[in-house]
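Everything below belongs to target_36.cif, which stores mmCIF, C-alpha atoms.
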data_my_file
#
loop_
_atom_site.label_atom_id
_atom_site.label_comp_id
_atom_site.auth_asym_id
_atom_site.auth_seq_id
_atom_site.Cartn_x
_atom_site.Cartn_y
_atom_site.Cartn_z
CA MET A 1 77.11 74.11 152.07
CA PHE A 2 77.61 77.51 150.44
CA SER A 3 77.84 80.38 152.90
CA MET A 4 77.50 84.01 151.86
CA LYS A 5 81.19 84.58 152.56
CA HIS A 6 81.98 82.53 149.45
CA ARG A 7 80.25 85.08 147.25
CA SER A 8 83.26 87.38 146.78
CA SER A 9 85.45 84.52 145.59
CA GLN A 10 82.85 82.85 143.37
CA PRO A 11 83.05 84.18 139.77
CA CYS A 12 79.64 82.76 138.83
CA LEU A 13 76.50 82.46 140.93
CA ALA A 14 74.33 80.68 138.34
CA PRO A 15 73.94 77.34 140.19
CA PHE A 16 72.87 79.22 143.33
CA ASN A 17 70.29 81.66 141.97
CA SER A 18 69.24 80.76 138.41
CA LEU A 19 67.46 78.22 136.21
CA PHE A 20 66.88 77.69 132.50
CA PHE A 21 64.14 75.50 131.00
CA SER A 22 64.67 74.62 127.33
CA MET A 23 62.26 73.57 124.58
CA THR A 24 63.18 69.90 124.93
CA GLY A 25 62.08 69.77 128.59
CA LYS A 26 65.67 69.71 129.80
CA ALA A 27 66.60 72.11 132.59
CA TYR A 28 69.95 73.76 133.28
CA TYR A 29 71.25 76.33 135.72
CA CYS A 30 72.47 78.60 132.89
CA LEU A 31 71.45 79.44 129.33
CA ALA A 32 75.09 79.30 128.22
CA ASN A 33 75.87 75.83 129.58
CA ARG A 34 73.79 73.05 128.04
CA ASN A 35 76.13 70.32 129.28
CA ALA A 36 75.06 70.46 132.92
CA VAL A 37 71.56 68.97 132.79
CA LEU A 38 69.57 69.18 136.02
CA GLY A 39 66.74 66.99 134.83
CA SER A 40 64.07 66.79 132.15
CA TYR A 41 60.41 67.72 132.55
CA PRO A 42 58.08 65.86 132.96
CA ALA A 43 60.35 62.92 133.85
CA GLN A 44 61.45 65.05 136.81
CA SER A 45 59.15 67.51 138.53
CA VAL A 46 60.02 71.18 138.90
CA ASP A 47 60.75 70.61 142.61
CA GLU A 48 63.11 67.73 141.79
CA ILE A 49 64.94 69.91 139.27
CA VAL A 50 65.23 72.91 141.61
CA SER A 51 66.39 70.99 144.69
CA GLY A 52 67.51 67.61 143.36
CA ASP A 53 70.77 65.76 143.77
CA LEU A 54 72.19 66.97 140.46
CA MET A 55 71.78 70.61 141.44
CA GLN A 56 73.50 69.93 144.76
CA GLN A 57 76.36 68.14 143.00
CA TYR A 58 76.92 71.03 140.59
CA ARG A 59 76.96 73.52 143.47
CA ILE A 60 79.60 71.51 145.31
CA GLN A 61 81.64 71.21 142.14
CA PHE A 62 81.40 74.96 141.54
CA ILE A 63 82.65 75.71 145.03
CA LYS A 64 85.68 73.48 144.45
CA GLU A 65 86.47 74.34 140.83
CA LYS A 66 84.80 77.76 140.18
CA PHE A 67 83.71 76.51 136.72
CA ILE A 68 82.71 73.12 135.33
CA GLU A 69 82.47 71.44 131.94
CA GLY A 70 80.36 73.59 129.61
CA CYS A 71 81.53 76.89 131.13
CA GLU A 72 84.24 77.36 128.48
CA GLN A 73 82.56 80.39 126.92
CA CYS A 74 82.71 82.43 130.12
CA LYS A 75 86.19 81.16 130.99
CA GLN A 76 87.39 82.29 127.58
CA HIS A 77 85.90 85.76 128.05
CA LEU A 78 87.64 86.07 131.43
CA THR A 79 90.95 84.92 129.92
CA GLN A 80 90.91 87.23 126.91
CA GLY A 81 89.70 90.31 128.78
CA THR A 82 86.14 90.44 127.40
CA GLU A 83 84.39 89.74 130.70
CA ALA A 84 81.62 92.23 129.86
CA ALA A 85 80.31 89.71 127.29
CA ALA A 86 80.24 86.78 129.71
CA PHE A 87 76.98 85.31 131.02
CA ILE A 88 78.32 85.43 134.57
CA ASN A 89 77.27 89.09 134.66
CA PHE A 90 73.58 88.19 134.40
CA HIS A 91 73.71 86.14 137.56
CA LYS A 92 75.64 88.66 139.65
CA ALA A 93 72.63 90.97 139.58
CA TYR A 94 70.46 88.64 141.67
CA PRO A 95 71.21 88.39 145.42
CA LEU A 96 71.42 84.93 146.91
CA LEU A 97 68.90 83.52 149.35
CA SER A 98 69.93 81.22 152.17
CA ASP A 99 67.84 78.36 150.72
CA TYR A 100 69.05 79.08 147.13
CA ARG A 101 65.58 79.47 145.66
CA PRO A 102 65.91 80.79 142.10
CA ARG A 103 65.91 84.57 141.69
CA TYR A 104 66.17 84.50 137.88
CA ILE A 105 64.63 81.95 135.49
CA ASP A 106 64.94 81.70 131.70
CA PHE A 107 61.98 80.04 129.98
CA GLU A 108 62.40 78.78 126.42
CA LEU A 109 59.27 76.63 126.20
CA ASP A 110 58.03 76.80 122.60
CA ASN A 111 59.35 77.56 119.10
CA ARG A 112 56.27 79.14 117.56
CA CYS A 113 57.50 81.98 115.34
CA ASN A 114 56.35 83.97 112.32
CA LEU A 115 59.78 84.58 110.74
CA ASN A 116 62.36 82.59 108.79
CA CYS A 117 65.53 84.49 109.75
CA ILE A 118 68.66 83.60 107.79
CA MET A 119 70.74 82.86 110.91
CA CYS A 120 68.04 80.83 112.64
CA SER A 121 67.05 77.14 112.53
CA PRO A 122 63.90 74.96 112.73
CA TYR A 123 64.71 74.36 116.40
CA PHE A 124 64.02 78.00 117.24
CA SER A 125 61.40 78.83 114.61
CA SER A 126 58.31 76.86 113.62
CA SER A 127 58.30 78.77 110.31
CA ILE A 128 61.57 77.31 109.06
CA PRO A 129 61.14 74.04 107.12
CA TYR A 130 63.46 71.09 107.55
CA SER A 131 65.34 69.62 104.59
CA ASP A 132 62.20 67.77 103.45
CA GLY A 133 60.28 71.04 103.28
CA VAL A 134 58.09 70.17 106.26
CA CYS A 135 57.91 72.75 109.02
CA SER A 136 58.34 71.85 112.65
CA ASN A 137 55.69 69.67 114.27
CA TYR A 138 57.22 70.41 117.65
CA LYS A 139 55.02 69.72 120.68
CA SER A 140 55.96 71.37 123.95
CA PRO A 141 56.44 68.97 126.90
CA TYR A 142 55.21 71.60 129.35
CA ASP A 143 51.72 70.96 130.75
CA ASP A 144 49.48 72.79 133.23
CA ALA A 145 51.26 71.19 136.19
CA PHE A 146 54.52 72.78 135.08
CA PHE A 147 53.12 76.30 135.20
CA THR A 148 51.32 75.88 138.53
CA ALA A 149 54.52 74.46 140.08
CA PHE A 150 56.03 77.96 140.08
CA ASP A 151 53.42 79.37 142.46
CA LYS A 152 55.75 78.49 145.35
CA TYR A 153 58.82 80.00 143.65
CA ALA A 154 57.24 83.19 142.32
CA PRO A 155 57.55 85.18 145.60
CA ALA A 156 61.36 84.87 145.57
CA LEU A 157 61.79 85.62 141.87
CA ILE A 158 63.23 88.96 140.80
CA LYS A 159 62.97 88.30 137.06
CA ALA A 160 61.50 85.67 134.71
CA HIS A 161 62.69 85.96 131.10
CA PHE A 162 60.95 84.35 128.12
CA ARG A 163 62.39 83.28 124.79
CA GLY A 164 61.08 81.40 121.78
CA GLY A 165 60.21 81.28 119.04
CA GLU A 166 58.48 84.60 119.31
CA PRO A 167 57.18 85.10 122.88
CA PHE A 168 54.34 87.37 121.78
CA LEU A 169 52.95 84.51 119.65
CA ILE A 170 53.04 81.90 122.44
CA SER A 171 49.66 82.16 124.15
CA ARG A 172 50.66 80.19 127.24
CA TYR A 173 53.33 82.77 128.01
CA HIS A 174 50.81 85.55 128.43
CA ASP A 175 48.70 83.45 130.81
CA PHE A 176 51.83 82.51 132.76
CA TRP A 177 52.91 86.15 133.03
CA GLU A 178 49.54 87.06 134.52
CA ARG A 179 49.76 84.16 136.97
CA LEU A 180 53.26 85.08 138.16
CA ARG A 181 52.35 88.76 138.44
CA SER A 182 49.28 87.95 140.55
CA ILE A 183 51.58 86.30 143.11
CA ASN A 184 54.54 88.69 142.91
CA HIS A 185 53.53 92.22 141.89
CA ALA A 186 57.15 93.39 141.87
CA LEU A 187 58.32 90.65 139.51
CA HIS A 188 60.04 91.79 136.33
CA ILE A 189 58.88 89.91 133.24
CA GLY A 190 61.34 89.84 130.36
CA ALA A 191 60.95 88.76 126.74
CA THR A 192 63.19 88.58 123.68
CA THR A 193 61.07 89.65 120.70
CA ASN A 194 61.50 90.18 116.98
CA ALA A 195 59.13 93.18 117.34
CA THR A 196 56.86 92.17 114.46
CA VAL A 197 53.90 90.98 116.55
CA LEU A 198 52.08 93.09 119.13
CA SER A 199 48.51 92.51 120.32
CA THR A 200 46.30 94.80 122.36
CA GLU A 201 46.77 92.48 125.36
CA HIS A 202 50.53 92.75 125.10
CA ARG A 203 50.35 96.53 124.86
CA ARG A 204 48.31 96.61 128.07
CA MET A 205 50.82 94.41 129.86
CA LEU A 206 53.78 96.51 128.71
CA GLU A 207 52.11 99.73 129.78
CA ARG A 208 51.56 98.37 133.30
CA GLY A 209 55.33 98.50 133.79
CA ASN A 210 57.95 96.15 135.27
CA PHE A 211 58.65 94.68 131.84
CA ASP A 212 62.14 94.15 130.42
CA LEU A 213 61.98 93.96 126.64
CA ASN A 214 64.93 92.72 124.58
CA VAL A 215 64.25 93.55 120.93
CA SER A 216 66.09 92.21 117.88
CA LEU A 217 67.98 95.02 116.14
CA ASP A 218 70.05 93.88 113.16
CA SER A 219 69.53 96.74 110.71
CA LEU A 220 67.69 100.02 110.25
CA GLN A 221 67.94 99.76 106.44
CA THR A 222 64.84 98.28 104.82
CA ASN A 223 66.64 96.06 102.30
CA THR A 224 69.17 94.65 104.75
CA TYR A 225 66.57 94.14 107.47
CA GLU A 226 64.22 92.22 105.18
CA LYS A 227 67.07 90.06 103.85
CA ILE A 228 67.91 89.04 107.42
CA ARG A 229 64.41 88.82 108.91
CA ILE A 230 62.68 86.87 106.16
CA GLY A 231 58.92 87.22 106.41
CA ALA A 232 59.06 90.58 108.21
CA THR A 233 58.14 94.03 106.93
CA PHE A 234 60.51 96.78 108.03
CA SER A 235 57.80 99.45 108.30
CA LYS A 236 55.79 97.35 110.77
CA TYR A 237 58.93 96.49 112.73
CA LYS A 238 59.94 100.16 112.95
CA GLU A 239 56.44 101.14 114.08
CA HIS A 240 56.67 98.69 116.98
CA LEU A 241 60.25 99.68 117.78
CA ASP A 242 59.24 103.34 118.01
CA TYR A 243 56.40 102.35 120.36
CA PHE A 244 58.84 100.42 122.58
CA ILE A 245 61.19 103.41 122.63
CA SER A 246 58.30 105.63 123.74
CA LEU A 247 57.49 103.25 126.62
CA ASN A 248 61.17 103.15 127.55
CA GLU A 249 61.30 106.95 127.69
CA GLN A 250 58.21 106.93 129.93
CA GLY A 251 59.92 104.49 132.30
CA LYS A 252 57.30 101.79 131.76
CA ILE A 253 59.71 99.24 130.31
CA ASN A 254 63.45 98.62 130.31
CA LEU A 255 64.43 98.35 126.66
CA SER A 256 67.52 96.53 125.41
CA ALA A 257 68.60 95.38 121.96
CA CYS A 258 70.01 92.07 120.79
CA MET A 259 72.21 92.78 117.76
CA CYS A 260 73.39 89.86 115.60
CA LEU A 261 76.86 90.63 114.24
CA MET A 262 77.37 89.04 110.82
CA SER A 263 78.85 89.64 107.38
CA LEU A 264 75.59 91.12 106.12
CA ASN A 265 75.24 93.97 108.62
CA TRP A 266 78.57 94.73 110.33
CA GLN A 267 78.85 98.06 108.46
CA GLU A 268 75.79 99.33 110.34
CA PHE A 269 76.99 98.50 113.83
CA PRO A 270 78.49 101.89 114.74
CA ASP A 271 75.26 103.61 113.66
CA LEU A 272 73.17 101.02 115.53
CA PHE A 273 75.19 101.68 118.70
CA ARG A 274 74.70 105.43 118.31
CA PHE A 275 70.97 104.89 117.73
CA CYS A 276 70.77 102.87 120.94
CA ASN A 277 72.70 105.51 122.88
CA GLN A 278 70.33 108.18 121.60
CA HIS A 279 67.32 106.22 122.90
CA ASP A 280 68.79 104.74 126.11
CA ILE A 281 68.76 101.16 124.79
CA VAL A 282 71.29 98.77 126.32
CA VAL A 283 73.06 96.65 123.69
CA TYR A 284 73.74 92.91 123.79
CA ILE A 285 75.60 91.23 120.94
CA ASN A 286 74.97 87.82 119.47
CA TYR A 287 78.02 86.68 117.48
CA VAL A 288 76.62 84.69 114.54
CA GLU A 289 78.76 81.65 113.73
CA VAL A 290 76.22 79.54 111.82
CA PRO A 291 75.68 79.52 108.89
CA GLU A 292 79.35 80.00 108.16
CA TYR A 293 78.93 82.38 105.23
CA LEU A 294 77.45 84.91 107.69
CA SER A 295 80.16 84.45 110.32
CA ILE A 296 82.79 87.13 110.91
CA LYS A 297 84.79 84.49 112.78
CA LYS A 298 85.16 82.46 109.58
CA MET A 299 86.67 85.34 107.60
CA ASN A 300 90.39 85.40 106.91
CA LYS A 301 92.74 87.48 109.03
CA ALA A 302 92.94 90.41 106.60
CA LYS A 303 89.19 90.85 106.44
CA ILE A 304 88.71 90.69 110.20
CA GLU A 305 91.50 93.23 110.65
CA MET A 306 89.75 95.44 108.11
CA LEU A 307 86.60 95.34 110.24
CA ILE A 308 88.63 96.19 113.33
CA HIS A 309 90.25 99.12 111.54
CA CYS A 310 86.82 100.44 110.48
CA PHE A 311 85.38 100.10 113.98
CA GLU A 312 88.39 101.69 115.68
CA LYS A 313 87.81 104.89 113.71
CA GLU A 314 84.23 105.22 114.97
CA GLU A 315 83.23 107.37 117.92
CA ILE A 316 80.28 105.88 119.79
CA SER A 317 78.86 109.15 121.03
CA GLY A 318 76.24 109.56 123.73
CA LYS A 319 75.86 110.65 127.34
CA GLY A 320 74.61 108.89 130.44
CA ARG A 321 74.85 105.47 132.04
CA VAL A 322 73.47 103.51 129.07
CA ALA A 323 75.88 105.15 126.62
CA GLU A 324 78.79 104.31 128.93
CA VAL A 325 77.64 100.68 129.19
CA ASN A 326 77.31 100.48 125.41
CA ARG A 327 80.81 101.86 124.89
CA ILE A 328 82.07 99.01 127.07
CA VAL A 329 80.06 96.56 124.96
CA PHE A 330 81.52 98.07 121.77
CA ALA A 331 85.04 97.79 123.20
CA THR A 332 84.32 94.19 124.20
CA MET A 333 83.18 93.47 120.64
CA LEU A 334 86.49 94.87 119.36
CA GLY A 335 88.29 92.59 121.81
CA GLN A 336 86.40 89.59 120.43
CA LEU A 337 87.26 90.57 116.86
CA ARG A 338 90.93 90.95 117.76
CA GLN A 339 90.87 87.50 119.31
CA TRP A 340 89.35 86.03 116.15
CA ALA A 341 91.91 87.86 114.00
CA SER A 342 94.75 86.37 116.05
CA GLU A 343 93.34 82.88 115.48
CA ALA A 344 92.35 83.28 111.81
CA PRO A 345 94.47 81.93 108.94
CA ALA A 346 96.45 84.61 107.17
CA LYS A 347 95.10 83.36 103.87
CA ARG A 348 92.64 80.76 102.71
CA GLN A 349 93.86 77.76 100.73
CA ASN A 350 94.78 78.75 97.18
CA ALA A 351 92.55 77.79 94.26
CA GLU A 352 94.64 74.76 93.21
CA GLU A 353 94.54 73.31 96.74
CA ILE A 354 90.79 73.77 96.94
CA LEU A 355 90.15 72.22 93.52
CA ALA A 356 92.32 69.23 94.45
CA LEU A 357 90.28 68.75 97.60
CA VAL A 358 87.09 69.10 95.58
CA GLN A 359 88.16 66.44 93.09
CA GLN A 360 89.03 64.09 95.93
CA LYS A 361 85.61 64.62 97.44
CA LYS A 362 83.88 64.20 94.09
CA GLU A 363 85.57 60.83 93.58
CA THR A 364 84.56 59.53 97.01
CA PHE A 365 81.15 61.14 97.38
CA PHE A 366 79.14 58.48 95.52
CA VAL A 367 81.19 55.67 97.03
CA LEU A 368 80.12 56.83 100.48
CA LEU A 369 76.57 57.48 99.33
CA ASN A 370 76.12 54.09 97.66
CA ALA A 371 77.59 52.32 100.71
CA PHE A 372 75.06 54.05 102.92
CA LEU A 373 72.21 53.12 100.57
CA LEU A 374 73.24 49.47 100.55
CA GLU A 375 73.14 49.40 104.34
CA ASN A 376 69.82 51.24 104.54
CA SER A 377 67.36 49.65 102.17
CA GLN A 378 64.60 52.13 103.05
CA PHE A 379 66.52 54.71 101.00
CA ALA A 380 67.04 52.44 98.00
CA ARG A 381 65.34 54.76 95.50
CA PHE A 382 68.23 56.69 94.06
CA ASP A 383 69.15 57.87 90.57
CA LYS A 384 72.73 59.10 90.34
CA VAL A 385 72.24 60.83 86.99
CA TRP A 386 69.08 62.56 88.18
CA PHE A 387 70.79 63.63 91.40
CA GLU A 388 73.74 65.12 89.49
CA ARG A 389 71.28 66.95 87.25
CA GLN A 390 69.66 68.51 90.34
CA ILE A 391 73.05 69.64 91.64
CA ASN A 392 73.97 70.96 88.21
CA ALA A 393 70.80 73.04 88.15
CA LEU A 394 71.85 74.61 91.43
CA LYS A 395 75.10 76.04 90.10
CA SER A 396 73.33 78.85 88.28
CA HIS A 397 71.10 79.72 91.23
CA GLU A 398 73.45 82.26 92.77
CA LEU A 399 76.48 82.88 90.57
CA PRO A 400 76.43 81.65 86.96
CA GLY A 401 79.76 80.27 85.84
CA PHE A 402 80.91 78.73 89.10
CA GLN A 403 81.95 75.15 88.60
CA ILE A 404 79.70 72.33 89.72
CA ASP A 405 82.70 71.16 91.75
CA LEU A 406 81.93 73.93 94.22
CA VAL A 407 78.70 72.20 95.11
CA TYR A 408 80.53 69.01 95.98
CA PHE A 409 82.84 71.09 98.13
CA SER A 410 79.79 72.49 99.92
CA LEU A 411 78.77 68.92 100.71
CA LEU A 412 82.03 68.23 102.55
CA ASP A 413 80.51 68.74 105.99
CA THR A 414 76.98 67.58 105.17
CA PRO A 415 76.45 64.09 106.60
CA ILE A 416 75.49 61.51 103.97
CA PRO A 417 72.37 60.41 105.94
CA GLU A 418 71.07 63.97 105.86
CA ILE A 419 71.46 64.12 102.07
CA VAL A 420 69.82 60.73 101.61
CA LYS A 421 66.79 61.60 103.73
CA MET A 422 65.79 64.26 101.23
CA LEU A 423 65.98 61.98 98.19
CA PRO A 424 62.30 60.86 98.05
CA GLU A 425 61.07 64.40 97.41
CA LEU A 426 64.24 66.09 96.25
CA SER A 427 63.79 69.10 94.01
CA GLN A 428 66.05 71.95 93.04
CA GLU A 429 64.29 74.16 95.59
CA LEU A 430 64.66 71.70 98.46
CA LEU A 431 68.22 70.81 97.54
CA ASN A 432 69.05 74.50 97.49
CA ARG A 433 67.37 74.91 100.89
CA LYS A 434 69.47 72.13 102.38
CA ILE A 435 72.96 73.07 101.23
CA LEU A 436 72.70 76.75 100.30
CA ASP A 437 74.36 77.85 103.54
CA LYS A 438 77.44 75.77 102.76
CA TYR A 439 77.34 76.68 99.11
CA LEU A 440 77.23 80.42 99.75
CA TYR A 441 80.07 80.11 102.23
CA VAL A 442 82.16 78.44 99.53
CA VAL A 443 81.17 81.11 97.01
CA ASN A 444 82.25 83.85 99.41
CA MET A 445 85.46 82.01 100.15
CA MET A 446 86.22 81.65 96.43
CA LYS A 447 85.64 85.37 95.98
CA THR A 448 88.20 85.96 98.72
CA ILE A 449 90.67 83.61 97.02
CA GLU A 450 90.23 85.39 93.67
CA ASN A 451 90.85 88.72 95.39
CA ASP A 452 93.91 87.38 97.16
CA LEU A 453 95.52 85.79 94.10
#
Give the structure from the file, written as structure tokens.
Amino acid sequence: MFSMKHRSSQPCLAPFNSLFFSMTGKAYYCLANRNAVLGSYPAQSVDEIVSGDLMQQYRIQFIKEKFIEGCEQCKQHLTQGTEAAAFINFHKAYPLLSDYRPRYIDFELDNRCNLNCIMCSPYFSSSIPYSDGVCSNYKSPYDDAFFTAFDKYAPALIKAHFRGGEPFLISRYHDFWERLRSINHALHIGATTNATVLSTEHRRMLERGNFDLNVSLDSLQTNTYEKIRIGATFSKYKEHLDYFISLNEQGKINLSACMCLMSLNWQEFPDLFRFCNQHDIVVYINYVEVPEYLSIKKMNKAKIEMLIHCFEKEEISGKGRVAEVNRIVFATMLGQLRQWASEAPAKRQNAEEILALVQQKKETFFVLLNAFLLENSQFARFDKVWFERQINALKSHELPGFQIDLVYFSLLDTPIPEIVKMLPELSQELLNRKILDKYLYVVNMMKTIENDL
């Protein structure tokens, strides 16, 4: 069906050499494409997912069309000249086998985590509460049969990478690593870690070698780091990071960094790149888009161009292969910023336009809310005056003096059912938790408007 001669003309090899298992049980051939579902465990077995009809169909479609629905991210990178940031590069590193057994597998099997990072969500962290204040009661669908099913695939694997949650807190991962390693001694285990948890067992495993560690690196400034990684202590993080760097220098692990680019830390990025070059750490960038107040992409054109101007003046010094790779990554980041700048509005709506929109929303908000309540009797308990009092209390939480109308504006994209579901136990704290992301985005936008006027 897919001969080796096709390889040179195929931009992406993911359906032919890779797999990704997500927390929901759904399996895909690529981490970046969650449209193309291969099956869902345990409804389908691992064997059915690896060699089933859906996988065959996607391979045929790839041969004909090169990309399929859900591949837009990589197609965009190829179009705008930022190919170095595309996921297709991961899959090129793993040679094909004639029977297309997976050579690379991503495992994202549990969300247990100890942090409450500002750009994360309850889906990825068990420590982040939902709008009702209750933390995740997620139960992994993966049982013992799932893990033993990979005994037959382990010999062909080159790398198995583990995500979370925090992989070093997920006990079944460690057992699985030992099982895979007992079958394939040359297998590279990979993990994406926040570097705040490290047991004696994990140290032993790292020091045995053949481990690819991708560590979160968002700031080397205590205050900024602890604002981003809520629940973490910078001194402990830095202690672990220094240990990882030492292992990297000894050749026992391959160390890379995942850097989240956002409004809170962009000023540090040139220094972070130079730090990584100094310690032979390959850089990967995660472009934060949610919540919006942290997103560079959501800035206006002038601000994005200001970032570009600042970055263009920086020299990312360093020698060797890793430094050269990181300079390409830095240049690719600049390309992404230029693309966003070309698409961004020259100026946000002026204050009068925003206030008009706010008033319109304020007039219709309770109409929509009351209509929903009438149709859903289980949410009948509702006190409009009390609810407005809770919103009013919020206005002084961040910036005293901002009009209560701003809070209504922050509710523009919050579905009414989501607001209603928090009513039974609504408090100022929980209300703030639910809409603070939107609210802060509006506050930052209003600051921009005031500066522009």
Report the residues retrieved by the PyMOL selection byres ((chain A and resi 248-255) around 8) from the displayed file, expressed as JSON, numbers by chain. {"A": [206, 207, 208, 209, 210, 211, 212, 213, 214, 215, 244, 245, 246, 247, 256, 257, 279, 280, 281, 282]}
To test your reading of the syntax: which residues would the PyMOL selection byres ((chain A and resi 312-329) around 9) return for the file shown? Reply as a list in words. Thr82, Ala84, Ala85, Pro270, Asp271, Phe273, Arg274, Cys276, Asn277, Gln278, Asp280, Ile281, Val282, Val283, Tyr284, Ile285, Leu307, Ile308, His309, Cys310, Phe311, Phe330, Ala331, Thr332, Met333 and Leu334 of chain A
Suppose you want the space between CA of Thr24 in chain A and CA of Ile49 in chain A; what is it in Å?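 These two atoms are separated by 14.4 Å.
When the distance limit is 6 Å and all atoms listed in the file are what count, the residues near Cys117 in chain A, minus those fewer than 2 positions from it on the same chain, are A:Leu115, A:Met119, A:Cys120, A:Ile228, A:Arg229, A:Ile230.
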Output file for the selection above: C-alpha atoms, as a short mmCIF file (atom, residue, chain, number, x, y, z; two decimals), in the coordinates of the input:
data_model
loop_
_atom_site.label_atom_id
_atom_site.label_comp_id
_atom_site.auth_asym_id
_atom_site.auth_seq_id
_atom_site.Cartn_x
_atom_site.Cartn_y
_atom_site.Cartn_z
CA LEU A 115 59.78 84.58 110.74
CA MET A 119 70.74 82.86 110.91
CA CYS A 120 68.04 80.83 112.64
CA ILE A 228 67.91 89.04 107.42
CA ARG A 229 64.41 88.82 108.91
CA ILE A 230 62.68 86.87 106.16
#
For the structure provided, state which residues fall under the PyMOL selection byres ((chain A and resi 173) around 10), and present them as a count of residues only. 19
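Counting all atoms listed in the file, the residue from A:Thr148, A:Leu264, A:Pro11, A:Ser127 that sits nearest to Leu78 in chain A is A:Pro11.
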Complete range 145-150 of chain A with all heavy atoms (output as a JSON list (two decimals), in the frame of the given file).
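Writing done, so here's rebuild-v2.json:
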[["chain", "number", "residue", "atom", "x", "y", "z"],
["A", 145, "ALA", "N", 50.59, 71.42, 134.90],
["A", 145, "ALA", "CA", 51.26, 71.19, 136.19],
["A", 145, "ALA", "C", 52.60, 71.93, 136.26],
["A", 145, "ALA", "O", 53.01, 72.37, 137.33],
["A", 145, "ALA", "CB", 51.47, 69.70, 136.41],
["A", 146, "PHE", "N", 53.25, 72.06, 135.11],
["A", 146, "PHE", "CA", 54.52, 72.78, 135.08],
["A", 146, "PHE", "C", 54.32, 74.23, 135.50],
["A", 146, "PHE", "O", 55.05, 74.76, 136.34],
["A", 146, "PHE", "CB", 55.12, 72.72, 133.68],
["A", 146, "PHE", "CG", 56.37, 73.54, 133.51],
["A", 146, "PHE", "CD1", 57.60, 73.06, 133.92],
["A", 146, "PHE", "CD2", 56.30, 74.81, 132.94],
["A", 146, "PHE", "CE1", 58.75, 73.82, 133.77],
["A", 146, "PHE", "CE2", 57.45, 75.58, 132.79],
["A", 146, "PHE", "CZ", 58.68, 75.08, 133.20],
["A", 147, "PHE", "N", 53.33, 74.88, 134.94],
["A", 147, "PHE", "CA", 53.12, 76.30, 135.20],
["A", 147, "PHE", "C", 52.66, 76.54, 136.65],
["A", 147, "PHE", "O", 53.09, 77.52, 137.29],
["A", 147, "PHE", "CB", 52.13, 76.88, 134.20],
["A", 147, "PHE", "CG", 52.64, 76.85, 132.78],
["A", 147, "PHE", "CD1", 52.26, 75.86, 131.90],
["A", 147, "PHE", "CD2", 53.54, 77.80, 132.33],
["A", 147, "PHE", "CE1", 52.74, 75.82, 130.60],
["A", 147, "PHE", "CE2", 54.05, 77.79, 131.04],
["A", 147, "PHE", "CZ", 53.64, 76.78, 130.18],
["A", 148, "THR", "N", 51.80, 75.68, 137.16],
["A", 148, "THR", "CA", 51.32, 75.88, 138.53],
["A", 148, "THR", "C", 52.42, 75.59, 139.55],
["A", 148, "THR", "O", 52.37, 76.09, 140.68],
["A", 148, "THR", "CB", 50.11, 74.99, 138.82],
["A", 148, "THR", "OG1", 50.46, 73.62, 138.61],
["A", 148, "THR", "CG2", 48.95, 75.35, 137.91],
["A", 149, "ALA", "N", 53.44, 74.80, 139.15],
["A", 149, "ALA", "CA", 54.52, 74.46, 140.08],
["A", 149, "ALA", "C", 55.32, 75.68, 140.51],
["A", 149, "ALA", "O", 56.00, 75.65, 141.55],
["A", 149, "ALA", "CB", 55.45, 73.43, 139.44],
["A", 150, "PHE", "N", 55.24, 76.77, 139.75],
["A", 150, "PHE", "CA", 56.03, 77.96, 140.08],
["A", 150, "PHE", "C", 55.32, 78.90, 141.04],
["A", 150, "PHE", "O", 55.88, 79.94, 141.41],
["A", 150, "PHE", "CB", 56.44, 78.69, 138.80],
["A", 150, "PHE", "CG", 57.48, 77.94, 138.01],
["A", 150, "PHE", "CD1", 57.10, 77.07, 137.01],
["A", 150, "PHE", "CD2", 58.83, 78.08, 138.31],
["A", 150, "PHE", "CE1", 58.05, 76.35, 136.31],
["A", 150, "PHE", "CE2", 59.78, 77.36, 137.62],
["A", 150, "PHE", "CZ", 59.39, 76.49, 136.61]]
